[in-house]
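Visitor: Structure: final_8.cif, mmCIF, C-alpha atoms.
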data_query
loop_
_atom_site.label_atom_id
_atom_site.label_comp_id
_atom_site.auth_asym_id
_atom_site.auth_seq_id
_atom_site.Cartn_x
_atom_site.Cartn_y
_atom_site.Cartn_z
CA MET A 429 85.11 89.21 107.64
CA ILE A 430 85.71 88.93 111.40
CA VAL A 431 85.20 85.16 111.37
CA ALA A 432 87.49 84.82 108.35
CA VAL A 433 90.27 86.83 110.02
CA LEU A 434 90.04 84.77 113.24
CA LEU A 435 90.12 81.52 111.25
CA GLY A 436 93.13 82.77 109.30
CA ILE A 437 95.03 83.63 112.50
CA THR A 438 94.18 80.21 113.98
CA LEU A 439 95.34 78.38 110.85
CA GLY A 440 98.54 80.44 110.73
CA PHE A 441 99.54 79.26 114.19
CA ALA A 442 98.22 75.68 113.83
CA ALA A 443 99.64 74.87 110.37
CA PRO A 444 102.11 77.61 109.37
CA ASP A 445 103.53 75.77 106.34
CA PHE A 446 100.09 75.22 104.83
CA ALA A 447 99.01 78.77 105.73
CA VAL A 448 101.93 80.29 103.80
CA GLU A 449 100.70 78.50 100.68
CA LEU A 450 97.42 80.45 100.94
CA LYS A 451 99.19 83.76 100.27
CA PRO A 452 98.06 83.89 96.60
CA ILE A 453 94.42 84.04 97.78
CA GLY A 454 95.00 87.29 99.65
CA THR A 455 97.20 88.68 96.89
CA GLY A 456 94.58 87.83 94.26
CA PHE A 457 91.83 89.62 96.18
CA VAL A 458 93.92 92.79 96.65
CA ASN A 459 94.78 92.70 92.93
CA LEU A 460 91.07 92.50 92.08
CA ILE A 461 90.44 95.64 94.13
CA LYS A 462 93.44 97.44 92.61
CA MET A 463 92.09 96.53 89.16
CA MET A 464 89.06 98.75 89.87
CA ILE A 465 90.88 101.77 91.30
CA SER A 466 91.86 103.49 88.03
CA PRO A 467 88.39 103.35 86.40
CA ILE A 468 86.70 104.48 89.62
CA ILE A 469 89.06 107.43 90.08
CA PHE A 470 88.68 108.37 86.41
CA CYS A 471 84.87 108.32 86.47
CA THR A 472 84.62 110.12 89.81
CA ILE A 473 87.00 112.95 88.90
CA VAL A 474 85.64 113.45 85.37
CA LEU A 475 82.07 113.64 86.66
CA GLY A 476 83.09 115.95 89.50
CA VAL A 477 85.27 118.34 87.47
CA GLY A 478 83.14 118.21 84.33
CA SER A 479 80.01 119.25 86.19
CA VAL A 480 81.64 122.30 87.84
CA ARG A 481 81.21 125.50 85.89
CA LYS A 482 84.26 127.34 87.19
CA ALA A 483 87.67 125.72 86.87
CA ALA A 484 88.94 127.95 89.69
CA LYS A 485 86.84 125.97 92.16
CA VAL A 486 88.68 122.77 91.25
CA GLY A 487 92.00 124.57 91.65
CA ALA A 488 90.94 125.85 95.06
CA VAL A 489 90.06 122.32 96.18
CA GLY A 490 93.41 120.94 94.99
CA GLY A 491 95.40 123.79 96.53
CA LEU A 492 93.72 123.46 99.91
CA ALA A 493 94.14 119.70 99.86
CA LEU A 494 97.87 119.81 99.04
CA GLY A 495 98.53 122.52 101.64
CA TYR A 496 96.75 120.48 104.31
CA PHE A 497 98.57 117.29 103.28
CA LEU A 498 101.97 118.98 103.60
CA LEU A 499 101.12 120.37 107.05
CA MET A 500 99.76 117.12 108.48
CA SER A 501 102.62 115.03 107.07
CA THR A 502 105.08 117.37 108.81
CA VAL A 503 103.15 117.08 112.08
CA ALA A 504 103.10 113.27 111.78
CA LEU A 505 106.86 113.15 111.12
CA ALA A 506 107.54 115.41 114.11
CA ILE A 507 105.37 113.23 116.39
CA GLY A 508 107.26 110.14 115.19
CA LEU A 509 110.58 111.77 116.08
CA LEU A 510 109.32 112.86 119.50
CA VAL A 511 108.02 109.41 120.48
CA GLY A 512 111.09 107.70 119.02
CA ASN A 513 113.39 109.81 121.20
CA ILE A 514 111.32 109.05 124.29
CA LEU A 515 111.14 105.26 123.76
CA GLU A 516 114.65 104.67 122.34
CA PRO A 517 113.40 101.33 120.99
CA GLY A 518 116.54 100.27 119.15
CA SER A 519 118.94 100.13 122.07
CA GLY A 520 120.13 96.60 122.85
CA LEU A 521 119.56 95.04 119.43
CA HIS A 522 122.36 93.79 117.22
CA LEU A 523 122.54 93.62 113.43
CA THR A 524 123.35 90.28 111.83
CA SER A 525 124.92 89.85 108.40
CA GLU A 526 121.69 88.25 107.10
CA ALA A 527 119.65 91.25 108.22
CA ALA A 528 122.13 93.59 106.56
CA LYS A 529 121.66 91.81 103.21
CA VAL A 530 117.90 92.19 103.50
CA GLY A 531 118.25 95.92 104.10
CA GLN A 532 120.49 96.34 101.06
CA GLY A 533 117.97 94.43 98.93
CA GLN A 534 115.15 96.73 100.01
CA ALA A 535 117.15 99.80 99.09
CA GLU A 536 117.93 98.71 95.54
CA GLY A 537 115.86 100.78 93.17
CA ALA A 538 113.75 102.19 96.01
CA SER A 539 115.09 105.74 95.95
CA GLU A 540 113.56 108.15 93.50
CA SER A 541 114.58 111.69 92.69
CA THR A 542 112.09 114.54 92.61
CA GLU A 543 112.60 114.84 88.85
CA GLU A 544 111.83 111.14 88.32
CA PHE A 545 108.76 111.41 90.55
CA LEU A 546 107.34 114.40 88.63
CA LEU A 547 108.02 112.87 85.21
CA GLY A 548 106.48 109.62 86.43
CA ILE A 549 103.13 111.39 86.82
CA ILE A 550 102.93 111.74 83.02
CA PRO A 551 101.78 108.46 81.41
CA THR A 552 103.22 107.20 78.13
CA SER A 553 99.70 107.30 76.64
CA MET A 554 96.19 108.15 77.77
CA LEU A 555 95.36 104.47 78.17
CA SER A 556 98.60 103.36 79.86
CA ALA A 557 97.52 105.11 83.08
CA PHE A 558 94.72 102.55 83.34
CA THR A 559 96.75 99.52 82.33
CA GLU A 560 99.65 100.30 84.68
CA GLY A 561 97.41 101.15 87.64
CA GLU A 562 99.25 104.38 88.55
CA VAL A 563 96.98 106.55 90.72
CA LEU A 564 98.65 109.89 89.98
CA GLN A 565 98.74 109.19 86.23
CA THR A 566 95.03 108.36 86.28
CA LEU A 567 94.42 111.53 88.29
CA LEU A 568 96.20 113.65 85.66
CA ILE A 569 94.28 112.11 82.72
CA ALA A 570 90.95 112.45 84.56
CA LEU A 571 91.59 116.12 85.36
CA LEU A 572 92.47 116.88 81.72
CA VAL A 573 89.33 115.10 80.45
CA GLY A 574 87.19 116.79 83.12
CA PHE A 575 88.43 120.27 82.21
CA ALA A 576 87.96 119.51 78.49
CA LEU A 577 84.34 118.47 79.06
CA GLN A 578 83.87 121.55 81.22
CA ALA A 579 85.06 123.75 78.34
CA MET A 580 82.77 121.95 75.85
CA GLY A 581 79.65 123.06 77.73
CA LYS A 582 76.42 121.47 76.51
CA ALA A 583 78.25 119.52 73.82
CA GLY A 584 80.01 117.56 76.55
CA GLU A 585 76.84 116.64 78.49
CA PRO A 586 76.20 113.38 76.55
CA VAL A 587 79.75 112.27 77.35
CA LEU A 588 79.23 113.09 81.04
CA ARG A 589 76.02 111.05 81.07
CA GLY A 590 77.87 108.15 79.44
CA ILE A 591 80.64 108.31 82.05
CA GLY A 592 77.94 108.44 84.74
CA HIS A 593 76.55 105.13 83.46
CA MET A 594 80.09 103.74 83.27
CA GLN A 595 80.66 104.69 86.92
CA ARG A 596 77.50 102.84 87.90
CA LEU A 597 78.77 99.76 86.07
CA VAL A 598 82.22 99.96 87.67
CA PHE A 599 80.77 100.19 91.17
CA ARG A 600 78.51 97.23 90.41
CA VAL A 601 81.56 95.17 89.49
CA LEU A 602 83.29 96.31 92.69
CA ALA A 603 80.24 95.26 94.74
CA MET A 604 80.53 91.79 93.19
CA ILE A 605 84.23 91.60 94.05
CA MET A 606 83.53 92.58 97.66
CA TRP A 607 81.60 89.33 98.17
CA ALA A 608 85.02 87.61 98.05
CA ALA A 609 86.44 89.85 100.80
CA PRO A 610 86.20 87.22 103.60
CA VAL A 611 88.04 84.66 101.45
CA GLY A 612 90.77 87.16 100.58
CA ALA A 613 91.10 88.23 104.23
CA PHE A 614 91.41 84.61 105.35
CA GLY A 615 94.22 83.86 102.90
CA ALA A 616 96.11 87.09 103.59
CA ILE A 617 96.14 86.94 107.38
CA ALA A 618 96.85 83.18 107.48
CA ALA A 619 99.91 83.64 105.26
CA VAL A 620 101.27 86.50 107.37
CA ILE A 621 100.91 84.59 110.64
CA GLY A 622 102.39 81.46 109.04
CA GLU A 623 105.42 83.40 107.75
CA THR A 624 106.31 85.45 110.82
CA GLY A 625 104.91 83.56 113.81
CA THR A 626 105.62 85.27 117.14
CA ASP A 627 109.44 85.37 117.26
CA ALA A 628 109.69 88.74 115.55
CA LEU A 629 106.88 90.13 117.68
CA ARG A 630 108.58 89.17 120.94
CA SER A 631 111.98 90.58 120.03
CA LEU A 632 110.72 93.87 118.59
CA ALA A 633 107.56 94.46 120.63
CA VAL A 634 108.68 97.86 121.94
CA ILE A 635 108.81 99.68 118.61
CA MET A 636 105.70 97.90 117.37
CA VAL A 637 103.56 98.78 120.41
CA GLY A 638 105.01 102.28 120.48
CA PHE A 639 104.18 102.77 116.81
CA TYR A 640 100.59 101.58 117.26
CA VAL A 641 100.07 103.85 120.28
CA THR A 642 101.59 106.81 118.41
CA CYS A 643 99.27 106.25 115.43
CA LEU A 644 96.27 105.98 117.78
CA ILE A 645 97.18 109.22 119.55
CA PHE A 646 97.67 110.99 116.22
CA VAL A 647 94.28 109.89 114.87
CA VAL A 648 92.25 110.47 118.05
CA VAL A 649 93.94 113.58 119.44
CA VAL A 650 95.30 115.45 116.40
CA LEU A 651 92.85 114.48 113.66
CA GLY A 652 89.88 114.21 116.04
CA THR A 653 90.44 117.70 117.45
CA ILE A 654 90.87 119.31 114.03
CA LEU A 655 87.76 117.54 112.70
CA ARG A 656 85.66 118.70 115.64
CA LEU A 657 86.88 122.31 115.57
CA VAL A 658 86.73 122.81 111.78
CA ALA A 659 83.80 120.66 110.64
CA GLY A 660 81.94 120.01 113.90
CA VAL A 661 82.02 116.26 113.15
CA ASN A 662 82.60 113.58 115.79
CA LEU A 663 85.63 111.49 114.78
CA PHE A 664 84.27 108.31 116.37
CA LEU A 665 81.02 108.56 114.39
CA LEU A 666 83.05 108.92 111.19
CA LEU A 667 85.24 105.94 112.10
CA LYS A 668 82.15 103.88 112.94
CA TYR A 669 80.66 104.77 109.54
CA LEU A 670 83.86 103.47 107.90
CA ALA A 671 84.12 100.36 110.11
CA ARG A 672 83.84 97.86 107.25
CA GLU A 673 86.63 99.59 105.37
CA PHE A 674 88.90 99.49 108.43
CA LEU A 675 88.25 95.76 108.79
CA LEU A 676 89.10 95.24 105.12
CA ILE A 677 92.36 97.18 105.54
CA LEU A 678 93.23 95.26 108.73
CA SER A 679 92.94 91.92 106.96
CA THR A 680 94.64 92.85 103.67
CA SER A 681 97.19 95.28 105.19
CA SER A 682 96.54 97.63 102.27
CA SER A 683 94.70 100.95 102.43
CA GLU A 684 94.29 100.82 98.65
CA SER A 685 91.84 97.93 99.05
CA ALA A 686 89.38 100.40 100.61
CA LEU A 687 90.01 103.38 98.29
CA PRO A 688 87.01 102.78 95.98
CA ARG A 689 84.67 102.33 98.96
CA LEU A 690 86.00 105.52 100.59
CA ILE A 691 85.13 107.49 97.45
CA ALA A 692 81.61 106.04 97.40
CA LYS A 693 81.03 106.55 101.12
CA MET A 694 82.29 110.13 101.24
CA GLU A 695 79.95 111.07 98.39
CA HIS A 696 77.11 109.30 100.17
CA ALA A 697 77.92 111.27 103.34
CA GLY A 698 77.32 114.59 101.58
CA VAL A 699 80.76 115.69 100.31
CA SER A 700 80.59 116.93 96.71
CA LYS A 701 81.97 114.88 93.81
CA PRO A 702 84.77 117.38 92.92
CA VAL A 703 86.08 117.42 96.49
CA VAL A 704 85.95 113.63 96.87
CA GLY A 705 87.35 113.00 93.38
CA ILE A 706 90.37 115.25 93.94
CA THR A 707 91.09 114.88 97.67
CA VAL A 708 90.89 111.09 98.06
CA PRO A 709 93.13 109.97 95.14
CA THR A 710 95.63 112.78 95.80
CA GLY A 711 95.67 111.96 99.50
CA TYR A 712 96.59 108.36 98.76
CA SER A 713 99.89 109.63 97.37
CA PHE A 714 100.52 112.79 99.41
CA ASN A 715 98.69 112.35 102.72
CA LEU A 716 100.29 109.26 104.23
CA ASP A 717 100.31 110.19 107.92
CA GLY A 718 100.90 106.63 109.13
CA THR A 719 103.81 106.20 106.74
CA ALA A 720 105.30 109.52 107.93
CA ILE A 721 105.21 108.41 111.59
CA TYR A 722 106.71 105.06 110.61
CA LEU A 723 109.58 106.62 108.63
CA THR A 724 110.88 108.74 111.50
CA MET A 725 110.37 106.15 114.27
CA ALA A 726 111.97 103.40 112.19
CA SER A 727 114.92 105.64 111.27
CA LEU A 728 115.63 106.39 114.95
CA PHE A 729 115.21 102.71 115.81
CA ILE A 730 117.72 101.61 113.15
CA ALA A 731 120.26 104.28 114.10
CA GLU A 732 120.17 103.26 117.77
CA ALA A 733 120.25 99.54 116.98
CA MET A 734 123.38 100.06 114.87
CA GLY A 735 125.07 102.06 117.63
CA ASP A 736 125.03 105.31 115.65
CA PRO A 737 122.27 107.47 117.25
CA LEU A 738 121.20 110.58 115.38
CA SER A 739 121.98 113.98 116.83
CA VAL A 740 119.28 116.65 117.09
CA GLY A 741 120.61 118.39 113.98
CA GLN A 742 120.65 115.12 112.03
CA GLN A 743 117.11 114.37 113.17
CA ILE A 744 115.85 117.72 111.90
CA SER A 745 117.71 117.21 108.62
CA LEU A 746 116.20 113.71 108.34
CA LEU A 747 112.72 115.12 109.07
CA LEU A 748 113.03 117.62 106.22
CA PHE A 749 114.28 114.89 103.90
CA MET A 750 111.46 112.50 104.84
CA ILE A 751 108.84 115.19 104.14
CA VAL A 752 109.90 114.85 100.51
CA ALA A 753 110.64 111.11 100.61
CA SER A 754 107.19 110.25 101.98
CA LYS A 755 105.40 111.86 99.02
CA GLY A 756 104.34 109.56 96.26
CA ALA A 757 104.69 106.39 98.36
CA ALA A 758 101.87 104.11 97.27
CA GLY A 759 99.41 102.94 99.93
CA VAL A 760 100.13 99.27 99.35
CA THR A 761 101.81 96.57 101.39
CA GLY A 762 105.57 97.03 101.77
CA ALA A 763 105.71 100.54 100.30
CA GLY A 764 106.69 102.04 103.66
CA LEU A 765 109.66 99.69 103.96
CA ALA A 766 110.86 100.50 100.43
CA THR A 767 110.47 104.24 101.06
CA LEU A 768 112.41 103.94 104.33
CA ALA A 769 115.24 102.06 102.62
CA GLY A 770 115.31 104.48 99.70
CA GLY A 771 115.30 107.49 102.02
CA LEU A 772 118.15 106.18 104.13
CA GLN A 773 120.09 105.24 100.98
CA SER A 774 119.93 108.84 99.80
CA HIS A 775 120.41 110.53 103.19
CA ARG A 776 122.34 108.16 105.48
CA PRO A 777 123.70 105.24 103.38
CA GLU A 778 125.48 103.74 106.38
CA LEU A 779 122.12 103.02 108.04
CA VAL A 780 120.55 101.13 105.12
CA ASP A 781 121.78 97.74 106.38
CA GLY A 782 119.69 98.23 109.52
CA VAL A 783 116.43 98.08 107.56
CA GLY A 784 116.74 94.29 107.81
CA LEU A 785 116.11 94.54 111.56
CA ILE A 786 112.46 95.42 111.12
CA VAL A 787 111.60 93.34 108.08
CA GLY A 788 110.16 90.62 110.31
CA ILE A 789 107.54 92.91 111.86
CA ASP A 790 107.05 95.32 108.97
CA ARG A 791 103.89 93.54 107.83
CA PHE A 792 102.34 94.03 111.28
CA MET A 793 103.41 97.67 111.36
CA SER A 794 101.97 97.99 107.88
CA GLU A 795 98.53 97.41 109.42
CA ALA A 796 98.85 100.55 111.55
CA ARG A 797 100.32 102.52 108.65
CA ALA A 798 97.42 101.63 106.38
CA LEU A 799 94.75 102.28 109.01
CA THR A 800 96.24 105.68 109.90
CA ASN A 801 96.64 106.67 106.25
CA PHE A 802 93.01 105.77 105.57
CA ALA A 803 91.69 107.66 108.61
CA GLY A 804 93.78 110.69 107.65
CA ASN A 805 92.35 110.76 104.12
CA ALA A 806 88.76 110.36 105.36
CA VAL A 807 89.23 113.30 107.75
CA ALA A 808 90.96 115.35 105.03
CA THR A 809 88.00 114.87 102.67
CA VAL A 810 85.55 116.21 105.26
CA LEU A 811 87.83 119.15 106.11
CA VAL A 812 88.43 120.19 102.50
CA GLY A 813 84.69 119.90 101.83
CA THR A 814 84.03 122.17 104.82
CA TRP A 815 86.62 124.78 103.80
CA THR A 816 85.30 124.93 100.23
CA LYS A 817 81.65 124.83 101.39
CA GLU A 818 81.14 121.74 99.25
CA ILE A 819 79.53 119.59 101.94
CA ASP A 820 75.93 118.93 102.95
CA ARG A 821 76.11 119.12 106.74
CA ASP A 822 72.54 117.93 107.29
CA ARG A 823 73.07 114.88 105.12
CA MET A 824 76.36 114.05 106.85
CA ARG A 825 74.64 114.24 110.23
CA GLU A 826 71.90 111.89 109.04
CA VAL A 827 74.42 109.46 107.50
CA LEU A 828 76.78 109.34 110.49
CA HIS A 829 73.86 108.71 112.85
CA GLY A 830 72.72 105.79 110.69
CA ARG A 831 69.48 107.33 109.42
CA LEU A 832 70.64 107.26 105.77
CA PRO A 833 72.37 103.88 105.39
CA PHE A 834 74.92 103.21 102.67
CA ASP A 835 73.69 100.92 99.89
CA GLU A 836 76.07 97.96 99.96
CA ARG A 837 74.46 96.42 96.87
CA THR A 838 75.43 99.20 94.47
CA LEU A 839 78.08 101.19 96.41
CA LEU A 840 76.40 104.30 94.99
CA ASN A 841 74.60 107.09 96.81
CA ASP A 842 71.94 107.72 94.20
CA GLY A 843 69.53 104.89 94.98
CA HIS A 844 70.11 103.21 91.61
CA GLY A 845 69.79 99.50 91.37
CA HIS A 846 66.31 98.98 92.79
CA GLY A 847 64.62 99.05 89.41
CA PRO A 848 64.71 100.65 85.96
CA ASP A 849 62.52 103.54 87.04
CA ASP A 850 64.64 104.52 90.05
CA GLU A 851 66.40 107.36 88.24
CA ILE A 852 65.68 110.23 90.64
CA ALA A 853 66.18 110.04 94.36
CA ASP A 854 69.49 110.28 96.16
CA GLY A 855 68.33 108.60 99.33
CA PRO A 856 65.42 108.22 101.77
CA ALA A 857 65.23 111.95 102.55
CA GLU A 858 65.08 112.88 98.87
CA ARG A 859 62.49 110.19 98.12
CA VAL A 860 60.27 111.53 100.92
CA ALA A 861 60.51 115.05 99.49
CA LEU A 862 59.67 113.81 95.99
CA ALA A 863 56.74 111.81 97.35
CA LYS A 864 55.34 114.96 98.96
CA GLN A 865 55.71 116.84 95.67
CA ALA A 866 53.92 114.05 93.83
CA ALA A 867 51.11 114.08 96.39
CA ALA A 868 50.75 117.85 96.06
CA GLY A 869 50.59 117.53 92.27
CA SER A 870 47.94 114.81 92.58
CA ASP A 871 45.79 117.02 94.84
CA ALA A 872 46.06 119.88 92.37
CA ALA A 873 44.98 117.58 89.52
CA ASP A 874 41.95 116.43 91.53
CA ALA A 875 40.96 120.05 92.21
CA ASP A 876 41.25 120.88 88.50
CA GLY A 877 39.08 117.87 87.65
CA LYS A 878 36.32 118.89 90.06
CA ALA A 879 36.29 122.44 88.72
CA THR A 880 35.95 121.16 85.15
CA ALA A 881 33.05 118.90 86.16
CA LYS A 882 31.15 121.86 87.65
CA VAL A 883 31.58 123.87 84.46
#
Starting from the file, lay out its structure as structure tokens.
Guide:
Amino acid sequence: MIVAVLLGITLGFAAPDFAVELKPIGTGFVNLIKMMISPIIFCTIVLGVGSVRKAAKVGAVGGLALGYFLLMSTVALAIGLLVGNILEPGSGLHLTSEAAKVGQGQAEGASESTEEFLLGIIPTSMLSAFTEGEVLQTLLIALLVGFALQAMGKAGEPVLRGIGHMQRLVFRVLAMIMWAAPVGAFGAIAAVIGETGTDALRSLAVIMVGFYVTCLIFVVVVLGTILRLVAGVNLFLLLKYLAREFLLILSTSSSESALPRLIAKMEHAGVSKPVVGITVPTGYSFNLDGTAIYLTMASLFIAEAMGDPLSVGQQISLLLFMIVASKGAAGVTGAGLATLAGGLQSHRPELVDGVGLIVGIDRFMSEARALTNFAGNAVATVLVGTWTKEIDRDRMREVLHGRLPFDERTLLNDGHGHGPDDEIADGPAERVALAKQAAAGSDAADADGKATAKV
């Protein structure tokens, strides 16, 4: 992956025209990953919810997760406003007519009312959620099926076992797709460098660097402190454990490309299936901390660049509006820009033209958005698991210290894939325990045999 990204950057600068033509390679790889998201979310949530005896526990997980998402999104928006006021990155820039047209184009159809958003969660059919790739629609169907299987009791156990086998198959397919990750990363990064070059970076470096630093401070200081105080987990160990996923996001500029692997890795780290199955997919629509920081900083930048700075009252009003506008924004490339344009169209229409000012560097800012969103959802999963006491602390310690490695061949935490008889152990620790039990049983059998011989 690292070599592929470096080669892509080199090609982008050396032969930009040819590099732009490689864009379909990166797009194709991201589409392959997105193809797997709905079935993985469905299997994970159904298995998690269906195996829980009390429906109230699932409700508690969802309630805690949504409450936390709302709080952290507000904090992220406030931090974005604070840093934006300190840097004043938009002063000195001027809007051209071409940039204004781009901003208007981004705003068309981008705004969405709360009513439309809520009705959009309901799919037209049970299968359309899978064919359209809508995360929240898949989440709704999976929850309904999970609760139905929960109510069926023993009669639903064969279905749960079948979905368990289906999940194993889906993760196997995903593992096969991941072999193409370096190729996809090469095409994606080469196309971006070929398209933008360095002109946009030089002219708008202030807001870009400021945004990256703000995201870094938010992840390390805010999320790191909360994670340490609540769960007793070292943030840097967690980020190291998810290093491959961060590299994948950096190259594809999409946090959705790492969603299936985050689900698998969080389960492997000791967080229960219900918590992972509910928190991760929901977080990808409601816990977009990086997008929240981007929305407020970019809004201030545009207002200053257009010579119409926002007053304190307008900034607070905009913050409240963006709390709502940031919900439901998909974690895919360009979603932040569309949400920004839609939000300004609804709240401050006169500023929409200014969106064209940051189009040139949006893809590079999208990297930081995606990385921050992903880190925020990983931390949220651990926190919700801790609050609901649905986390194996000993296992997480072993995993984060590298003593229980993640199986990259199967992307599952149950040790399946080594042979047809490997239907028991969850990992090295469990296999050791089972081996001891087997040895104890063997000794008992020997003792019984000797006693029979004496008789």
Visitor: From the set A:Ile569, A:Leu510, A:Cys471, A:Leu678, which residue has the shortest atom-to-atom contact distance to A:Val587, counting only C-alpha atoms?
Guide: A:Cys471
Visitor: Please evaluate the PyMOL selection byres ((chain A and resi 429-438) around 10) against the structure above and give the resulting residues as JSON, numbers by chain.
Guide: {"A": [439, 440, 441, 442, 443, 444, 447, 450, 608, 609, 610, 611, 612, 613, 614, 615, 616, 617, 618, 619, 620, 621, 622, 625, 672, 675, 676, 678, 679, 680]}
Visitor: For the provided coordinates, the residues matched by the PyMOL selection byres ((chain A and resi 817) around 12) should be stated as a tab-separated table (two decimals) with C-alpha atoms, keeping the file's coordinate frame.
Guide:
chain	number	residue	atom	x	y	z
A	485	LYS	CA	86.84	125.97	92.16
A	488	ALA	CA	90.94	125.85	95.06
A	489	VAL	CA	90.06	122.32	96.18
A	658	VAL	CA	86.73	122.81	111.78
A	659	ALA	CA	83.80	120.66	110.64
A	698	GLY	CA	77.32	114.59	101.58
A	699	VAL	CA	80.76	115.69	100.31
A	700	SER	CA	80.59	116.93	96.71
A	702	PRO	CA	84.77	117.38	92.92
A	703	VAL	CA	86.08	117.42	96.49
A	809	THR	CA	88.00	114.87	102.67
A	810	VAL	CA	85.55	116.21	105.26
A	811	LEU	CA	87.83	119.15	106.11
A	812	VAL	CA	88.43	120.19	102.50
A	813	GLY	CA	84.69	119.90	101.83
A	814	THR	CA	84.03	122.17	104.82
A	815	TRP	CA	86.62	124.78	103.80
A	816	THR	CA	85.30	124.93	100.23
A	818	GLU	CA	81.14	121.74	99.25
A	819	ILE	CA	79.53	119.59	101.94
A	820	ASP	CA	75.93	118.93	102.95
A	821	ARG	CA	76.11	119.12	106.74
Visitor: Between A:Leu799, A:Leu505, A:Ile605, A:Met463, single out the one closest to A:Gln743, counting all atoms listed in the file.
Guide: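 Among the listed residues, A:Leu505 lies closest to A:Gln743.
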Visitor: For the PyMOL selection byres ((chain A and resi 638) around 12), applied here, can you spell out every residue it catches as a VMD selection string?
Guide: chain A and resid 507 to 518 632 to 637 639 to 645 721 to 722 725 to 726 729 793 796
Visitor: Can I get the residues of stretch 434-524 of chain A within 10 Å of stretch 594-601 of chain A, each with the closest pair of atoms and their distance in Å to one decimal, using only C-alpha atoms, sorted chain first then ascending number, as CSV?
Guide:
residue,atom,partner,partner_atom,distance
A:Met464,CA,A:Val598,CA,7.3
A:Ile465,CA,A:Val598,CA,9.6
A:Pro467,CA,A:Val598,CA,7.2
A:Ile468,CA,A:Gln595,CA,6.6
A:Ile469,CA,A:Gln595,CA,9.4
A:Phe470,CA,A:Gln595,CA,8.8
A:Cys471,CA,A:Gln595,CA,5.6
A:Thr472,CA,A:Gln595,CA,7.3
A:Leu475,CA,A:Gln595,CA,9.1
Visitor: Take the selection from the previous step and output its residues with C-alpha atoms, as an mmCIF file, keeping the file's coordinate frame.
Guide:
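What landed in selection21.cif:
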data_model
loop_
_atom_site.group_PDB
_atom_site.id
_atom_site.type_symbol
_atom_site.label_atom_id
_atom_site.label_comp_id
_atom_site.auth_asym_id
_atom_site.auth_seq_id
_atom_site.Cartn_x
_atom_site.Cartn_y
_atom_site.Cartn_z
ATOM 1 C CA MET A 464 89.060 98.750 89.870
ATOM 2 C CA ILE A 465 90.880 101.770 91.300
ATOM 3 C CA PRO A 467 88.390 103.350 86.400
ATOM 4 C CA ILE A 468 86.700 104.480 89.620
ATOM 5 C CA ILE A 469 89.060 107.430 90.080
ATOM 6 C CA PHE A 470 88.680 108.370 86.410
ATOM 7 C CA CYS A 471 84.870 108.320 86.470
ATOM 8 C CA THR A 472 84.620 110.120 89.810
ATOM 9 C CA LEU A 475 82.070 113.640 86.660
#
Visitor: Can you pull out every residue within 12 Å of A:Leu577, counting all atoms listed in the file, but drop anything in the same chain fewer than 4 positions away, and send it as a list in words?
Guide: Ile473, Val474, Leu475, Gly476, Val477, Gly478, Ser479, Val480, Arg481, Ala483, Ala570, Leu571, Leu572, Val573, Gly581, Lys582, Ala583, Gly584, Glu585, Pro586, Val587, Leu588, Arg589 and Ile591 of chain A
Visitor: As an exercise, work out the distance from atom CA of A:Lys462 to atom CA of A:Ser685 in Å and give it to one decimal place.
Guide: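 So the two atoms, atom CA of A:Lys462 and atom CA of A:Ser685, lie 6.7 Å apart.
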Visitor: Return the single residue from A:Asn662, A:Ser553, A:Asn715, A:Thr724 that is closest to A:Met824, with distances computed using only C-alpha atoms.
Guide: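 Counting only C-alpha atoms, the residue closest to A:Met824 is A:Asn662.
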Visitor: Between A:Asn459, A:Ser501, A:Thr710, A:Ser682, which residue has the minimum interatomic distance to A:Gln565, considering all atoms listed in the file?
Guide: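 Residue with the minimum atom-to-atom distance to A:Gln565: A:Thr710.
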Visitor: Could you tell me how far atom CA of A:Thr552 sits from atom CA of A:Leu564, in Å to one decimal place?
Guide: 13.0 Å
Visitor: Provide the atom CA of A:Ile691 to atom CA of A:Val704 distance in Å, to one decimal place.
Guide: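 Value for the atom CA of A:Ile691-atom CA of A:Val704 distance: 6.2 Å.
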